[in-house]
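To start, the structure under review is shown below, and the notes come after it.
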Number of protein chains: 2
Amino acid sequence: MSQKLHDILLAESEKNKDTYLPHISIDSVVFGFNGENLHVLLTSLIGKSQWMLPGGYVLKEEDINSSAHRILKERTGAENIFLSQFKTYGATQRSEDAFTELPEDLWHKQRYISIAYYALTRYDAVNPRTDKYSDSCAWQPVEQLPEIMMDHKGIIEDALMHLRRDLNYKPVGLNLLPQKFTMPELQRLYEIILDKSLNRGNFYRKMTRYNILEKLNETRRGGAHKAPDLYSFNTENYNAALENGLQESW
Amino acid sequence: MSQKLHDILLAESEKNKDTYLPHISIDSVVFGFNGENLHVLLTSLIGKSQWMLPGGYVLKEEDINSSAHRILKERTGAENIFLSQFKTYGATQRSEDAFTELPEDLWHKQRYISIAYYALTRYDAVNPRTDKYSDSCAWQPVEQLPEIMMDHKGIIEDALMHLRRDLNYKPVGLNLLPQKFTMPELQRLYEIILDKSLNRGNFYRKMTRYNILEKLNETRRGGAHKAPDLYSFNTENYNAALENGLQESW
DNA sequence: ACAAAAGTGTTACCCTTACACCCATGT
DNA sequence: ACATGGGTGTAAGGGTAACACTTTTGT
């Protein structure tokens, strides 16, 4: 471990014991879509090559949802990001291989029970920034993730599964796409999340039928070919539709 | 508050501080189905009229899933109950009105972040039993719940929503019904969970088509009318079918 | 001209919904 | 006899899947 990270951990340890609830952490799987691929926001500890989820601790007098928002704001600069809590991880050995060379009573070496959220954000609304423990924070494509610490790889996979299952219940498109987007972009997003290709014409009709889109009187110019029409979500109809799920059968 | 509960709390407080992780609790919404109605297992503190979810704390060296199983076994005598973690509750004020007349440093008066599970169990496989803090533990019908403490009413409602949404992804029938059951019982269970009535003939065909049931060469005798056929689940096919959900459309 | 985008048509197929009918059987 | 359960038939309707064809339009 780098001397620098070593010193920072020791310096922060005592401070943290007074500020945060012990044994509890929050990790977020932040999804971003750039029109092409789905990305996850990852950071890496100073001097380490492995990546990890952005996370943090819960202040002694703070709702856990507020913690998640606060931590995310520190990493992205963005407020009001869509967050959905999906699972809490509490295996005893889940971080046993971290910080092995540091003293046992180090704050960061406790046993942690981690409450995991997935976040959805417009790709360009975010400025990834490091915190005091990390020297990088960047988007990584879901399709080819780098090496990842501890159980965080599994957490990302769980988040993806929940995202997929929530597609008809949560405003996924609304939060991952820019305010104005094209039908091919929306379809690409669905294809990525569902991991299957969809028929264009059928997708167009299905989306149109839901009545959650509003076609704008604009097109996206500058592409190589015909300028596609721009749409935005009718948030009122969208949220109303989600109340019962977009396509339930029972 | 009764003197008895008062004394028990004070006596347990110091002991608990050495045994359990602070600030973390586990609550379970235990569902049981008696062929007629869906029930939830609730307990009440000694001398209190309000009810609460059975819960407990996490040992310092214990996986949270193991905690949930251990706590449930203490309340029901049953092992290997089906458990599904569905949400973690961490609002700061969620238990602020409990134990107001007791000292601030009482173990039970901490701020708790509670990891909630729902459990599914065969109604008759359970012997509700009290713990040291409670003087009753009993099944209560979901349709008409008694008065409930803190945010536990909301937790039950959330559990029901998750149960409903999981109906096609988790072995709900398998865990709530006795090993041998009739088609009307299965249908009744679905109707209760989905809160809507279903057409009998169509339900029969749908279930048959899934290929997850095995018809036994027995009938349930003793009823007032024709003895209904008994079925059991083909667990192999059932679990295989759940891998992809029983009826997904995308 | 070319390639992408938009919009529509068509067909087969499956599942759902709703009703209906008949048979079996325990009291 | 009667109520419940079991099993099947059917017709309408809606959504899906797969394919095809046309038109539009930016470079």
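In the structure tokens, chains take the letters A, B, ... in the order shown, each chain's residues start at 1, and ligands count up from 1 in the order shown.
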Using only C-alpha atoms, I'd like a table of the residues in chain A that come within 7 Å of chain B; for each, show the closest atom pair and its distance in Å rounded to one decimal, ordered by chain and ascending number, as a Markdown table.
| residue | atom | partner | partner_atom | distance |
| --- | --- | --- | --- | --- |
| A:Glu61 | CA | B:Thr92 | CA | 6.3 |
| A:Glu62 | CA | B:Thr92 | CA | 6.1 |
| A:Asp63 | CA | B:Ala91 | CA | 4.5 |
| A:Ile64 | CA | B:Gly90 | CA | 5.2 |
| A:Phe86 | CA | B:Lys87 | CA | 6.9 |
| A:Lys87 | CA | B:Lys87 | CA | 6.6 |
| A:Thr88 | CA | B:Thr88 | CA | 7.0 |
| A:Gly90 | CA | B:Ile64 | CA | 5.2 |
| A:Ala91 | CA | B:Asp63 | CA | 4.5 |
| A:Thr92 | CA | B:Asp63 | CA | 5.2 |
| query | Can you list every residue in range 8-188 of chain B that DSSP puts in helix (DSSP H, G or I), as number ranges by chain? | reply | B: 8-19, 64-76, 107-109, 123-125, 142-144, 152-166, 172-176, 183-188
Residues of chain D at most 12 Å from chain B: nearest atom pair and distance in Å, only C-alpha atoms (C1' of nucleotides), as CSV:
residue,atom,partner,partner_atom,distance
D:DC2,C1',B:His225,CA,9.3
D:DA3,C1',B:His225,CA,6.6
D:DT4,C1',B:His225,CA,5.4
D:DG5,C1',B:Pro228,CA,5.8
D:DG6,C1',B:Pro228,CA,8.3
D:DG7,C1',B:Gly201,CA,8.3
D:DT8,C1',B:Gly201,CA,8.8
D:DG9,C1',B:Gly201,CA,11.0
D:DG15,C1',B:Ser249,CA,9.5
D:DT16,C1',B:Ser249,CA,8.4
D:DA17,C1',B:Trp250,CA,10.9
| So how far away is CA of Tyr20 in chain A from CA of Glu12 in chain B, in Å? |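 Interatomic distance, CA of Glu12 in chain B to CA of Tyr20 in chain A: 25.2 Å.
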| message | Restricting the calculation to only C-alpha atoms (C1' of nucleotides): of B:Thr235, B:Gln187, B:Asn199, B:Ser84, which residue gets closest to chain C? | response | B:Asn199
| Which residues, written as number ranges by chain, have at least one atom at most 12 Å from Gly35 in chain A, with only C-alpha atoms (C1' of nucleotides) counted and residues fewer than 6 positions away on the same chain left out? | A: 122-124, 173, 176-178, 180-192
Store the residues of this selection in a file with N, CA and C atoms, as a short mmCIF file (atom, residue, chain, number, x, y, z; two decimals), in the first residue's frame.
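Okay, this is what ended up in selection-v9.cif:
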data_model
loop_
_atom_site.label_atom_id
_atom_site.label_comp_id
_atom_site.auth_asym_id
_atom_site.auth_seq_id
_atom_site.Cartn_x
_atom_site.Cartn_y
_atom_site.Cartn_z
N ARG A 122 -28.13 11.00 -15.84
CA ARG A 122 -27.77 11.35 -17.21
C ARG A 122 -26.25 11.42 -17.28
N TYR A 123 -25.75 10.75 -18.23
CA TYR A 123 -24.31 10.59 -18.37
C TYR A 123 -23.55 11.90 -18.25
N ASP A 124 -24.08 12.92 -18.88
CA ASP A 124 -23.32 14.17 -18.95
C ASP A 124 -23.59 15.09 -17.76
N GLY A 173 -35.85 5.06 -17.99
CA GLY A 173 -35.52 5.87 -19.16
C GLY A 173 -35.41 7.34 -18.79
N LEU A 176 -32.01 8.04 -17.11
CA LEU A 176 -30.75 7.70 -17.78
C LEU A 176 -30.56 8.47 -19.09
N LEU A 177 -31.64 8.98 -19.63
CA LEU A 177 -31.52 9.67 -20.91
C LEU A 177 -31.54 11.18 -20.69
N PRO A 178 -30.93 11.90 -21.61
CA PRO A 178 -31.06 13.36 -21.54
C PRO A 178 -32.51 13.75 -21.75
N LYS A 180 -33.96 15.44 -23.92
CA LYS A 180 -34.40 15.19 -25.29
C LYS A 180 -33.59 14.01 -25.83
N PHE A 181 -34.28 13.07 -26.40
CA PHE A 181 -33.59 11.86 -26.87
C PHE A 181 -34.32 11.33 -28.09
N THR A 182 -33.68 10.41 -28.77
CA THR A 182 -34.29 9.86 -29.99
C THR A 182 -34.79 8.44 -29.71
N MET A 183 -35.67 8.01 -30.58
CA MET A 183 -36.22 6.66 -30.43
C MET A 183 -35.13 5.58 -30.51
N PRO A 184 -34.18 5.68 -31.42
CA PRO A 184 -33.10 4.67 -31.43
C PRO A 184 -32.30 4.66 -30.13
N GLU A 185 -32.12 5.81 -29.51
CA GLU A 185 -31.40 5.84 -28.23
C GLU A 185 -32.18 5.10 -27.15
N LEU A 186 -33.48 5.37 -27.12
CA LEU A 186 -34.32 4.71 -26.12
C LEU A 186 -34.31 3.20 -26.33
N GLN A 187 -34.40 2.81 -27.59
CA GLN A 187 -34.39 1.37 -27.87
C GLN A 187 -33.06 0.74 -27.48
N ARG A 188 -31.98 1.43 -27.79
CA ARG A 188 -30.65 0.93 -27.44
C ARG A 188 -30.54 0.75 -25.92
N LEU A 189 -31.07 1.68 -25.18
CA LEU A 189 -31.04 1.59 -23.72
C LEU A 189 -31.77 0.33 -23.24
N TYR A 190 -32.95 0.10 -23.80
CA TYR A 190 -33.70 -1.10 -23.42
C TYR A 190 -32.94 -2.36 -23.81
N GLU A 191 -32.33 -2.34 -24.96
CA GLU A 191 -31.61 -3.53 -25.42
C GLU A 191 -30.43 -3.84 -24.50
N ILE A 192 -29.76 -2.78 -24.07
CA ILE A 192 -28.60 -2.98 -23.19
C ILE A 192 -29.06 -3.55 -21.85
#
| Pairwise distance for CA of Leu120 in chain B and CA of Asp195 in chain B, rounded to one decimal in Å |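 That distance, rounded to one decimal, is 17.7 Å.
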| Counting only C-alpha atoms (C1' of nucleotides), which residues from chain C have an atom at most 7 Å from any atom of chain B, and could you show them as a PyMOL selection string? | chain C and resi 25-27
| request: Tell me, in Å to one decimal, how far CA of Ser25 in chain B is from CA of Leu163 in chain B. | output: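 It comes out at 21.4 Å.
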| message | List the spatial neighbours of Ile81 in chain B as a list in words - criterion: any atom at most 8 Å away, only C-alpha atoms (C1' of nucleotides), same-chain residues fewer than 6 positions off excluded. | response |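 My list of contacting residues is His69, Ala119, Leu120 and Thr121 of chain B.
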Residues of the last selection are to be written out with C-alpha atoms, as a CSV table (one decimal), in the first residue's frame.
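Wrote out-v7.csv, looks like this:
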chain,number,residue,atom,x,y,z
B,69,HIS,CA,-32.7,-17.4,10.5
B,119,ALA,CA,-40.5,-15.1,5.5
B,120,LEU,CA,-42.8,-17.7,4.0
B,121,THR,CA,-43.8,-20.7,6.0
| Near-Glu243 in chain A list (12 Å; only C-alpha atoms (C1' of nucleotides); drop same-chain fewer than 6 positions) as a list in words |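 The contact residues come out as Asn168, Tyr169, Lys170, Pro171, Glu236 and Asn237 of chain A.
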| field | Spatial neighbours of range 214-218 of chain A, max dist 8 Å, only C-alpha atoms (C1' of nucleotides), sep filter under 4 positions, as a list of chain:residue names | value | A:Asp229, A:Leu230, A:Tyr231, A:Ser232, A:Phe233, A:Asn234
